[in-house]
file my_file_11.txt (compact mmCIF, N, CA and C atoms)
# COMPACT_ATOMS: atom_id res chain seq x y z
N MET A 1 23.75 -53.69 -0.92
CA MET A 1 23.02 -52.74 -0.08
C MET A 1 23.28 -51.32 -0.58
N ARG A 2 22.23 -50.52 -0.60
CA ARG A 2 22.33 -49.17 -1.12
C ARG A 2 22.75 -48.22 0.01
N ALA A 3 23.78 -47.43 -0.25
CA ALA A 3 24.23 -46.46 0.76
C ALA A 3 23.42 -45.18 0.61
N THR A 4 22.88 -44.70 1.71
CA THR A 4 22.13 -43.42 1.68
C THR A 4 22.77 -42.47 2.68
N ASN A 5 22.35 -41.26 2.59
CA ASN A 5 22.85 -40.24 3.53
C ASN A 5 21.77 -39.97 4.57
N ALA A 6 20.99 -41.02 4.88
CA ALA A 6 19.78 -40.85 5.71
C ALA A 6 20.01 -40.14 7.04
N PRO A 7 20.98 -40.54 7.86
CA PRO A 7 21.11 -39.88 9.17
C PRO A 7 21.37 -38.38 9.02
N ALA A 8 22.25 -38.03 8.10
CA ALA A 8 22.61 -36.61 7.93
C ALA A 8 21.43 -35.81 7.38
N SER A 9 20.76 -36.35 6.34
CA SER A 9 19.67 -35.59 5.74
C SER A 9 18.48 -35.49 6.70
N ARG A 10 18.25 -36.53 7.47
CA ARG A 10 17.17 -36.49 8.47
C ARG A 10 17.48 -35.43 9.53
N GLU A 11 18.73 -35.37 9.93
CA GLU A 11 19.14 -34.37 10.93
C GLU A 11 18.99 -32.96 10.36
N ARG A 12 19.37 -32.79 9.09
CA ARG A 12 19.23 -31.50 8.42
C ARG A 12 17.76 -31.05 8.42
N ARG A 13 16.88 -31.99 8.06
CA ARG A 13 15.44 -31.69 8.02
C ARG A 13 14.91 -31.37 9.41
N ARG A 14 15.33 -32.18 10.38
CA ARG A 14 14.88 -31.96 11.76
C ARG A 14 15.26 -30.57 12.26
N ARG A 15 16.52 -30.20 11.96
CA ARG A 15 17.02 -28.88 12.39
C ARG A 15 16.21 -27.75 11.76
N ARG A 16 15.95 -27.89 10.46
CA ARG A 16 15.22 -26.85 9.73
C ARG A 16 13.79 -26.73 10.24
N LEU A 17 13.14 -27.87 10.50
CA LEU A 17 11.76 -27.86 11.02
C LEU A 17 11.72 -27.32 12.45
N ALA A 18 12.79 -27.56 13.19
CA ALA A 18 12.84 -27.01 14.56
C ALA A 18 12.89 -25.49 14.51
N LEU A 19 13.59 -24.93 13.52
CA LEU A 19 13.65 -23.48 13.37
C LEU A 19 12.29 -22.91 12.99
N ALA A 20 11.46 -23.72 12.31
CA ALA A 20 10.14 -23.27 11.86
C ALA A 20 9.06 -23.53 12.91
N LYS A 21 9.45 -24.00 14.09
CA LYS A 21 8.47 -24.30 15.14
C LYS A 21 7.68 -23.04 15.48
N GLY A 22 6.36 -23.19 15.56
CA GLY A 22 5.52 -22.04 15.88
C GLY A 22 5.01 -21.31 14.65
N PHE A 23 5.51 -21.64 13.47
CA PHE A 23 5.01 -21.02 12.25
C PHE A 23 3.63 -21.58 11.95
N TYR A 24 2.85 -20.86 11.15
CA TYR A 24 1.46 -21.20 10.89
C TYR A 24 1.33 -22.29 9.84
N GLY A 25 0.51 -23.30 10.12
CA GLY A 25 0.14 -24.31 9.13
C GLY A 25 1.32 -25.08 8.56
N ALA A 26 1.33 -25.20 7.22
CA ALA A 26 2.33 -26.00 6.52
C ALA A 26 3.74 -25.46 6.72
N ARG A 27 3.84 -24.18 7.06
CA ARG A 27 5.17 -23.57 7.22
C ARG A 27 5.96 -24.21 8.36
N SER A 28 5.26 -24.89 9.27
CA SER A 28 5.97 -25.57 10.36
C SER A 28 5.98 -27.09 10.19
N LYS A 29 5.31 -27.59 9.12
CA LYS A 29 5.18 -29.04 8.97
C LYS A 29 5.94 -29.59 7.76
N LEU A 30 5.82 -28.92 6.62
CA LEU A 30 6.40 -29.42 5.38
C LEU A 30 7.79 -28.84 5.19
N PHE A 31 8.72 -29.70 4.79
CA PHE A 31 10.13 -29.29 4.76
C PHE A 31 10.38 -28.12 3.81
N ARG A 32 9.92 -28.22 2.56
CA ARG A 32 10.23 -27.17 1.58
C ARG A 32 9.61 -25.84 2.00
N THR A 33 8.34 -25.89 2.41
CA THR A 33 7.65 -24.67 2.85
C THR A 33 8.35 -24.07 4.06
N ALA A 34 8.73 -24.95 4.98
CA ALA A 34 9.41 -24.50 6.20
C ALA A 34 10.75 -23.85 5.86
N THR A 35 11.47 -24.45 4.90
CA THR A 35 12.77 -23.91 4.49
C THR A 35 12.61 -22.49 3.95
N GLU A 36 11.60 -22.30 3.09
CA GLU A 36 11.36 -20.97 2.53
C GLU A 36 11.00 -19.97 3.62
N ALA A 37 10.13 -20.42 4.54
CA ALA A 37 9.69 -19.54 5.62
C ALA A 37 10.85 -19.16 6.54
N VAL A 38 11.70 -20.15 6.84
CA VAL A 38 12.84 -19.90 7.74
C VAL A 38 13.85 -18.97 7.07
N ASP A 39 14.12 -19.20 5.77
CA ASP A 39 15.05 -18.33 5.05
C ASP A 39 14.57 -16.88 5.08
N ARG A 40 13.30 -16.70 4.83
CA ARG A 40 12.72 -15.35 4.84
C ARG A 40 12.80 -14.74 6.24
N ALA A 41 12.47 -15.55 7.24
CA ALA A 41 12.51 -15.07 8.61
C ALA A 41 13.92 -14.63 9.02
N MET A 42 14.91 -15.42 8.60
CA MET A 42 16.30 -15.08 8.92
C MET A 42 16.71 -13.77 8.25
N ARG A 43 16.31 -13.64 6.97
CA ARG A 43 16.66 -12.44 6.23
C ARG A 43 16.03 -11.21 6.87
N LEU A 44 14.75 -11.33 7.22
CA LEU A 44 14.04 -10.19 7.79
C LEU A 44 14.53 -9.87 9.20
N SER A 45 14.95 -10.89 9.95
CA SER A 45 15.42 -10.62 11.31
C SER A 45 16.67 -9.76 11.28
N THR A 46 17.53 -10.00 10.29
CA THR A 46 18.73 -9.17 10.13
C THR A 46 18.33 -7.73 9.83
N GLU A 47 17.39 -7.58 8.88
CA GLU A 47 16.93 -6.25 8.48
C GLU A 47 16.27 -5.53 9.67
N HIS A 48 15.46 -6.26 10.42
CA HIS A 48 14.70 -5.64 11.49
C HIS A 48 15.57 -5.29 12.70
N ARG A 49 16.69 -5.98 12.87
CA ARG A 49 17.62 -5.55 13.93
C ARG A 49 18.13 -4.15 13.64
N LYS A 50 18.37 -3.86 12.36
CA LYS A 50 18.83 -2.52 11.98
C LYS A 50 17.70 -1.51 12.16
N LEU A 51 16.49 -1.90 11.74
CA LEU A 51 15.34 -0.98 11.82
C LEU A 51 14.98 -0.65 13.27
N ARG A 52 15.15 -1.62 14.16
CA ARG A 52 14.81 -1.40 15.57
C ARG A 52 15.60 -0.23 16.14
N LYS A 53 16.87 -0.12 15.74
CA LYS A 53 17.70 0.98 16.23
C LYS A 53 17.13 2.32 15.79
N ARG A 54 16.66 2.38 14.53
CA ARG A 54 16.04 3.62 14.03
C ARG A 54 14.75 3.92 14.78
N ASP A 55 13.95 2.87 15.01
CA ASP A 55 12.66 3.07 15.68
C ASP A 55 12.86 3.64 17.08
N PHE A 56 13.83 3.09 17.81
CA PHE A 56 14.07 3.58 19.15
C PHE A 56 14.56 5.02 19.14
N ARG A 57 15.45 5.35 18.19
CA ARG A 57 15.94 6.73 18.10
C ARG A 57 14.77 7.68 17.86
N ARG A 58 13.84 7.29 16.96
CA ARG A 58 12.66 8.13 16.69
C ARG A 58 11.84 8.33 17.95
N LEU A 59 11.67 7.24 18.73
CA LEU A 59 10.90 7.31 19.97
C LEU A 59 11.54 8.28 20.96
N TRP A 60 12.88 8.15 21.14
CA TRP A 60 13.58 9.03 22.08
C TRP A 60 13.45 10.48 21.66
N ILE A 61 13.60 10.75 20.35
CA ILE A 61 13.51 12.12 19.85
C ILE A 61 12.11 12.67 20.09
N ALA A 62 11.08 11.87 19.85
CA ALA A 62 9.70 12.31 20.08
C ALA A 62 9.49 12.66 21.56
N ARG A 63 10.03 11.84 22.46
CA ARG A 63 9.89 12.10 23.89
C ARG A 63 10.61 13.38 24.30
N ILE A 64 11.84 13.54 23.79
CA ILE A 64 12.63 14.74 24.13
C ILE A 64 11.92 15.97 23.60
N ASN A 65 11.41 15.89 22.36
CA ASN A 65 10.71 17.00 21.74
C ASN A 65 9.51 17.42 22.60
N ALA A 66 8.73 16.46 23.06
CA ALA A 66 7.56 16.76 23.90
C ALA A 66 8.00 17.45 25.19
N ALA A 67 9.07 16.93 25.80
CA ALA A 67 9.54 17.49 27.08
C ALA A 67 10.12 18.90 26.89
N THR A 68 10.86 19.11 25.80
CA THR A 68 11.46 20.44 25.58
C THR A 68 10.40 21.47 25.25
N ARG A 69 9.38 21.08 24.47
CA ARG A 69 8.30 22.03 24.13
C ARG A 69 7.52 22.43 25.38
N ALA A 70 7.42 21.53 26.35
CA ALA A 70 6.79 21.87 27.64
C ALA A 70 7.60 22.92 28.38
N GLU A 71 8.92 22.94 28.11
CA GLU A 71 9.82 23.94 28.72
C GLU A 71 9.96 25.19 27.86
N GLY A 72 9.25 25.22 26.72
CA GLY A 72 9.24 26.41 25.89
C GLY A 72 10.41 26.54 24.93
N ILE A 73 10.92 25.43 24.44
CA ILE A 73 12.03 25.45 23.47
C ILE A 73 11.82 24.29 22.51
N SER A 74 12.23 24.47 21.25
CA SER A 74 12.05 23.38 20.28
C SER A 74 13.17 22.37 20.43
N TYR A 75 12.95 21.17 19.89
CA TYR A 75 13.94 20.10 19.97
C TYR A 75 15.25 20.51 19.30
N SER A 76 15.14 21.09 18.09
CA SER A 76 16.36 21.42 17.34
C SER A 76 17.19 22.48 18.07
N LYS A 77 16.51 23.48 18.65
CA LYS A 77 17.24 24.52 19.40
C LYS A 77 17.86 23.94 20.67
N PHE A 78 17.16 22.99 21.27
CA PHE A 78 17.65 22.33 22.48
C PHE A 78 18.94 21.57 22.17
N ILE A 79 18.92 20.77 21.11
CA ILE A 79 20.10 19.97 20.73
C ILE A 79 21.25 20.89 20.32
N ALA A 80 20.93 21.95 19.58
CA ALA A 80 21.96 22.92 19.17
C ALA A 80 22.59 23.56 20.41
N GLY A 81 21.75 23.91 21.39
CA GLY A 81 22.24 24.50 22.64
C GLY A 81 23.15 23.56 23.41
N LEU A 82 22.76 22.29 23.47
CA LEU A 82 23.60 21.30 24.17
C LEU A 82 24.95 21.15 23.47
N THR A 83 24.93 21.14 22.14
CA THR A 83 26.18 21.00 21.37
C THR A 83 27.10 22.18 21.65
N LYS A 84 26.53 23.40 21.63
CA LYS A 84 27.32 24.60 21.89
C LYS A 84 27.88 24.60 23.31
N ALA A 85 27.07 24.10 24.26
CA ALA A 85 27.50 24.07 25.67
C ALA A 85 28.51 22.95 25.93
N GLY A 86 28.67 22.06 24.94
CA GLY A 86 29.62 20.95 25.09
C GLY A 86 29.09 19.83 25.96
N VAL A 87 27.77 19.75 26.08
CA VAL A 87 27.14 18.68 26.87
C VAL A 87 27.01 17.45 25.99
N VAL A 88 27.56 16.32 26.44
CA VAL A 88 27.51 15.09 25.65
C VAL A 88 26.63 14.07 26.39
N ILE A 89 25.33 14.09 26.07
CA ILE A 89 24.40 13.08 26.60
C ILE A 89 23.65 12.53 25.40
N ASN A 90 23.56 11.20 25.28
CA ASN A 90 22.85 10.65 24.12
C ASN A 90 21.35 10.78 24.30
N ARG A 91 20.63 10.59 23.21
CA ARG A 91 19.19 10.81 23.20
C ARG A 91 18.44 9.82 24.07
N LYS A 92 18.96 8.62 24.18
CA LYS A 92 18.33 7.62 25.04
C LYS A 92 18.30 8.11 26.49
N MET A 93 19.45 8.60 26.95
CA MET A 93 19.54 9.08 28.33
C MET A 93 18.72 10.35 28.53
N LEU A 94 18.73 11.25 27.53
CA LEU A 94 17.93 12.47 27.64
C LEU A 94 16.46 12.13 27.80
N SER A 95 15.97 11.15 27.02
CA SER A 95 14.55 10.80 27.12
C SER A 95 14.25 10.17 28.47
N GLU A 96 15.17 9.35 28.99
CA GLU A 96 14.97 8.75 30.31
C GLU A 96 14.94 9.82 31.40
N ILE A 97 15.86 10.80 31.30
CA ILE A 97 15.89 11.90 32.28
C ILE A 97 14.59 12.69 32.21
N ALA A 98 14.11 12.94 30.98
CA ALA A 98 12.87 13.70 30.80
C ALA A 98 11.69 12.99 31.47
N ILE A 99 11.68 11.66 31.43
CA ILE A 99 10.58 10.89 32.03
C ILE A 99 10.75 10.76 33.54
N GLN A 100 11.94 10.33 33.98
CA GLN A 100 12.16 9.97 35.38
C GLN A 100 12.42 11.18 36.28
N ASP A 101 13.10 12.21 35.74
CA ASP A 101 13.58 13.32 36.58
C ASP A 101 13.31 14.66 35.90
N PRO A 102 12.04 15.11 35.91
CA PRO A 102 11.70 16.37 35.22
C PRO A 102 12.49 17.58 35.71
N ALA A 103 12.80 17.62 37.01
CA ALA A 103 13.57 18.74 37.55
C ALA A 103 14.99 18.75 36.97
N GLY A 104 15.59 17.57 36.90
CA GLY A 104 16.93 17.46 36.31
C GLY A 104 16.92 17.84 34.84
N PHE A 105 15.85 17.43 34.14
CA PHE A 105 15.75 17.76 32.72
C PHE A 105 15.62 19.27 32.54
N LYS A 106 14.90 19.91 33.45
CA LYS A 106 14.72 21.37 33.39
C LYS A 106 16.07 22.08 33.46
N THR A 107 16.97 21.58 34.33
CA THR A 107 18.30 22.20 34.45
C THR A 107 19.10 22.01 33.15
N ILE A 108 18.94 20.85 32.53
CA ILE A 108 19.63 20.60 31.24
C ILE A 108 19.10 21.56 30.19
N VAL A 109 17.76 21.78 30.20
CA VAL A 109 17.15 22.72 29.23
C VAL A 109 17.69 24.12 29.46
N GLU A 110 17.85 24.52 30.73
CA GLU A 110 18.40 25.85 31.05
C GLU A 110 19.83 26.00 30.52
N ILE A 111 20.63 24.94 30.67
CA ILE A 111 22.00 24.95 30.13
C ILE A 111 21.97 25.18 28.63
N ALA A 112 21.05 24.47 27.95
CA ALA A 112 20.93 24.59 26.48
C ALA A 112 20.46 25.97 26.09
N LYS A 113 19.53 26.54 26.86
CA LYS A 113 19.00 27.90 26.55
C LYS A 113 20.08 28.95 26.70
N ASN A 114 20.91 28.80 27.74
CA ASN A 114 21.96 29.80 28.01
C ASN A 114 23.09 29.74 26.98
N ALA A 115 23.30 28.57 26.38
CA ALA A 115 24.41 28.43 25.42
C ALA A 115 24.09 29.11 24.10

call {"tool": "encode", "arguments": {"input": "my_file_11.txt", "output": "structure tokens"}}
result
Amino acid sequence: MRATNAPASRERRRRRLALAKGFYGARSKLFRTATEAVDRAMRLSTEHRKLRKRDFRRLWIARINAATRAEGISYSKFIAGLTKAGVVINRKMLSEIAIQDPAGFKTIVEIAKNA
């Protein structure tokens, strides 16, 4: 009788195809194609986790910039003013304050202008 590694290799294939579930066409059906697609997806997911952080920072800065210009000050002068005043609020929170609490944001802008 010939010994094979059938249970293990079948499980390996099943696992890999499960990761490719939802992929288009052969990428979710054929083992080799699925393997290539999954490898690429894994590689890009790592890269995109890093990129997402940059994208959000850009979004927050754009929001803060819009809010500060409405108050008559540029983003760079606003951030410089906060640094001089010793105010430590991250950009995520600044953008949330600008959206949710315009009056509170106005007071922060005044602090930055005075510094």

call {"tool": "closest_residue", "arguments": {"input": "my_file_11.txt", "among": "A:Leu44, A:Val109, A:Ala37, A:Met93", "to": "Lys21 (chain A)", "atoms": "only C-alpha atoms"}}
result
A:Ala37

call {"tool": "select_by_dssp", "arguments": {"input": "my_file_11.txt", "residues": "chain A", "states": "helix (DSSP H, G or I)", "output": "PyMOL selection string"}}
result
chain A and resi 6-19+25-28+31-70+75-85+91-100+102-114

call {"tool": "closest_residue", "arguments": {"input": "my_file_11.txt", "among": "A:Arg49, A:Lys92, A:Thr83, A:Ile99", "to": "Ala112 (chain A)", "atoms": "only N, CA and C atoms"}}
result
A:Thr83

call {"tool": "residues_around", "arguments": {"input": "my_file_11.txt", "residues": "region 29-35 of chain A", "least_positions_apart": "4", "cutoff": "8 Å", "atoms": "all atoms listed in the file", "output": "PyMOL selection string"}}
result
chain A and resi 13+16-17+19-25+39-41

call {"tool": "closest_atom_pairs", "arguments": {"input": "my_file_11.txt", "of": "region 74-104 of chain A", "to": "region 64-69 of chain A", "cutoff": "8 Å", "atoms": "all atoms listed in the file", "output": "tab-separated table"}}
result
residue	atom	partner	partner_atom	distance
A:Ser74	N	A:Thr68	C	5.3
A:Tyr75	CA	A:Asn65	CA	4.8
A:Ser76	N	A:Asn65	CA	7.0
A:Phe78	CA	A:Thr68	CA	7.2
A:Arg91	C	A:Ile64	N	7.6
A:Leu94	C	A:Ile64	CA	5.9
A:Ser95	CA	A:Ile64	N	5.1
A:Glu96	N	A:Ile64	N	7.5
A:Ala98	CA	A:Ala67	CA	6.3
A:Ile99	N	A:Ala67	CA	7.6

call {"tool": "write_last_selection", "arguments": {"input": "my_file_11.txt", "atoms": "N, CA and C atoms", "output": "PDB file, in the coordinates of the input"}}
result
ATOM      1  N   SER A  74      12.230  24.470  21.250  1.00  0.00           N
ATOM      2  CA  SER A  74      12.050  23.380  20.280  1.00  0.00           C
ATOM      3  C   SER A  74      13.170  22.370  20.430  1.00  0.00           C
ATOM      4  N   TYR A  75      12.950  21.170  19.890  1.00  0.00           N
ATOM      5  CA  TYR A  75      13.940  20.100  19.970  1.00  0.00           C
ATOM      6  C   TYR A  75      15.250  20.510  19.300  1.00  0.00           C
ATOM      7  N   SER A  76      15.140  21.090  18.090  1.00  0.00           N
ATOM      8  CA  SER A  76      16.360  21.420  17.340  1.00  0.00           C
ATOM      9  C   SER A  76      17.190  22.480  18.070  1.00  0.00           C
ATOM     10  N   PHE A  78      17.160  22.990  21.270  1.00  0.00           N
ATOM     11  CA  PHE A  78      17.650  22.330  22.480  1.00  0.00           C
ATOM     12  C   PHE A  78      18.940  21.570  22.170  1.00  0.00           C
ATOM     13  N   ARG A  91      20.630  10.590  23.210  1.00  0.00           N
ATOM     14  CA  ARG A  91      19.190  10.810  23.200  1.00  0.00           C
ATOM     15  C   ARG A  91      18.440   9.820  24.070  1.00  0.00           C
ATOM     16  N   LEU A  94      18.730  11.250  27.530  1.00  0.00           N
ATOM     17  CA  LEU A  94      17.930  12.470  27.640  1.00  0.00           C
ATOM     18  C   LEU A  94      16.460  12.130  27.800  1.00  0.00           C
ATOM     19  N   SER A  95      15.970  11.150  27.020  1.00  0.00           N
ATOM     20  CA  SER A  95      14.550  10.800  27.120  1.00  0.00           C
ATOM     21  C   SER A  95      14.250  10.170  28.470  1.00  0.00           C
ATOM     22  N   GLU A  96      15.170   9.350  28.990  1.00  0.00           N
ATOM     23  CA  GLU A  96      14.970   8.750  30.310  1.00  0.00           C
ATOM     24  C   GLU A  96      14.940   9.820  31.400  1.00  0.00           C
ATOM     25  N   ALA A  98      14.110  12.940  30.980  1.00  0.00           N
ATOM     26  CA  ALA A  98      12.870  13.700  30.800  1.00  0.00           C
ATOM     27  C   ALA A  98      11.690  12.990  31.470  1.00  0.00           C
ATOM     28  N   ILE A  99      11.680  11.660  31.430  1.00  0.00           N
ATOM     29  CA  ILE A  99      10.580  10.890  32.030  1.00  0.00           C
ATOM     30  C   ILE A  99      10.750  10.760  33.540  1.00  0.00           C
TER      31      ILE A  99
END

call {"tool": "atom_distance", "arguments": {"input": "my_file_11.txt", "atom1": "atom C of Leu51 (chain A)", "atom2": "atom C of Val38 (chain A)"}}
result
19.4 Å

call {"tool": "residues_around", "arguments": {"input": "my_file_11.txt", "residues": "Ile111 (chain A)", "least_positions_apart": "5", "cutoff": "9 Å", "atoms": "only C-alpha atoms", "output": "list in words"}}
result
Gly81, Leu82, Ala85, Val87 and Lys106 of chain A

call {"tool": "write_last_selection", "arguments": {"input": "my_file_11.txt", "atoms": "N, CA and C atoms", "output": "PDB file, in the frame of the given file"}}
result
ATOM      1  N   GLY A  81      21.750  23.910  21.390  1.00  0.00           N
ATOM      2  CA  GLY A  81      22.240  24.500  22.640  1.00  0.00           C
ATOM      3  C   GLY A  81      23.150  23.560  23.410  1.00  0.00           C
ATOM      4  N   LEU A  82      22.760  22.290  23.470  1.00  0.00           N
ATOM      5  CA  LEU A  82      23.600  21.300  24.170  1.00  0.00           C
ATOM      6  C   LEU A  82      24.950  21.150  23.470  1.00  0.00           C
ATOM      7  N   ALA A  85      27.070  24.100  24.260  1.00  0.00           N
ATOM      8  CA  ALA A  85      27.500  24.070  25.670  1.00  0.00           C
ATOM      9  C   ALA A  85      28.510  22.950  25.930  1.00  0.00           C
ATOM     10  N   VAL A  87      27.770  19.750  26.080  1.00  0.00           N
ATOM     11  CA  VAL A  87      27.140  18.680  26.870  1.00  0.00           C
ATOM     12  C   VAL A  87      27.010  17.450  25.990  1.00  0.00           C
ATOM     13  N   LYS A 106      14.900  19.910  33.450  1.00  0.00           N
ATOM     14  CA  LYS A 106      14.720  21.370  33.390  1.00  0.00           C
ATOM     15  C   LYS A 106      16.070  22.080  33.460  1.00  0.00           C
TER      16      LYS A 106
END

call {"tool": "atom_distance", "arguments": {"input": "my_file_11.txt", "atom1": "CA of Glu110 (chain A)", "atom2": "CA of Lys53 (chain A)"}}
result
29.0 Å

call {"tool": "atom_distance", "arguments": {"input": "my_file_11.txt", "atom1": "atom N of Arg27 (chain A)", "atom2": "atom C of Ala8 (chain A)"}}
result
21.1 Å
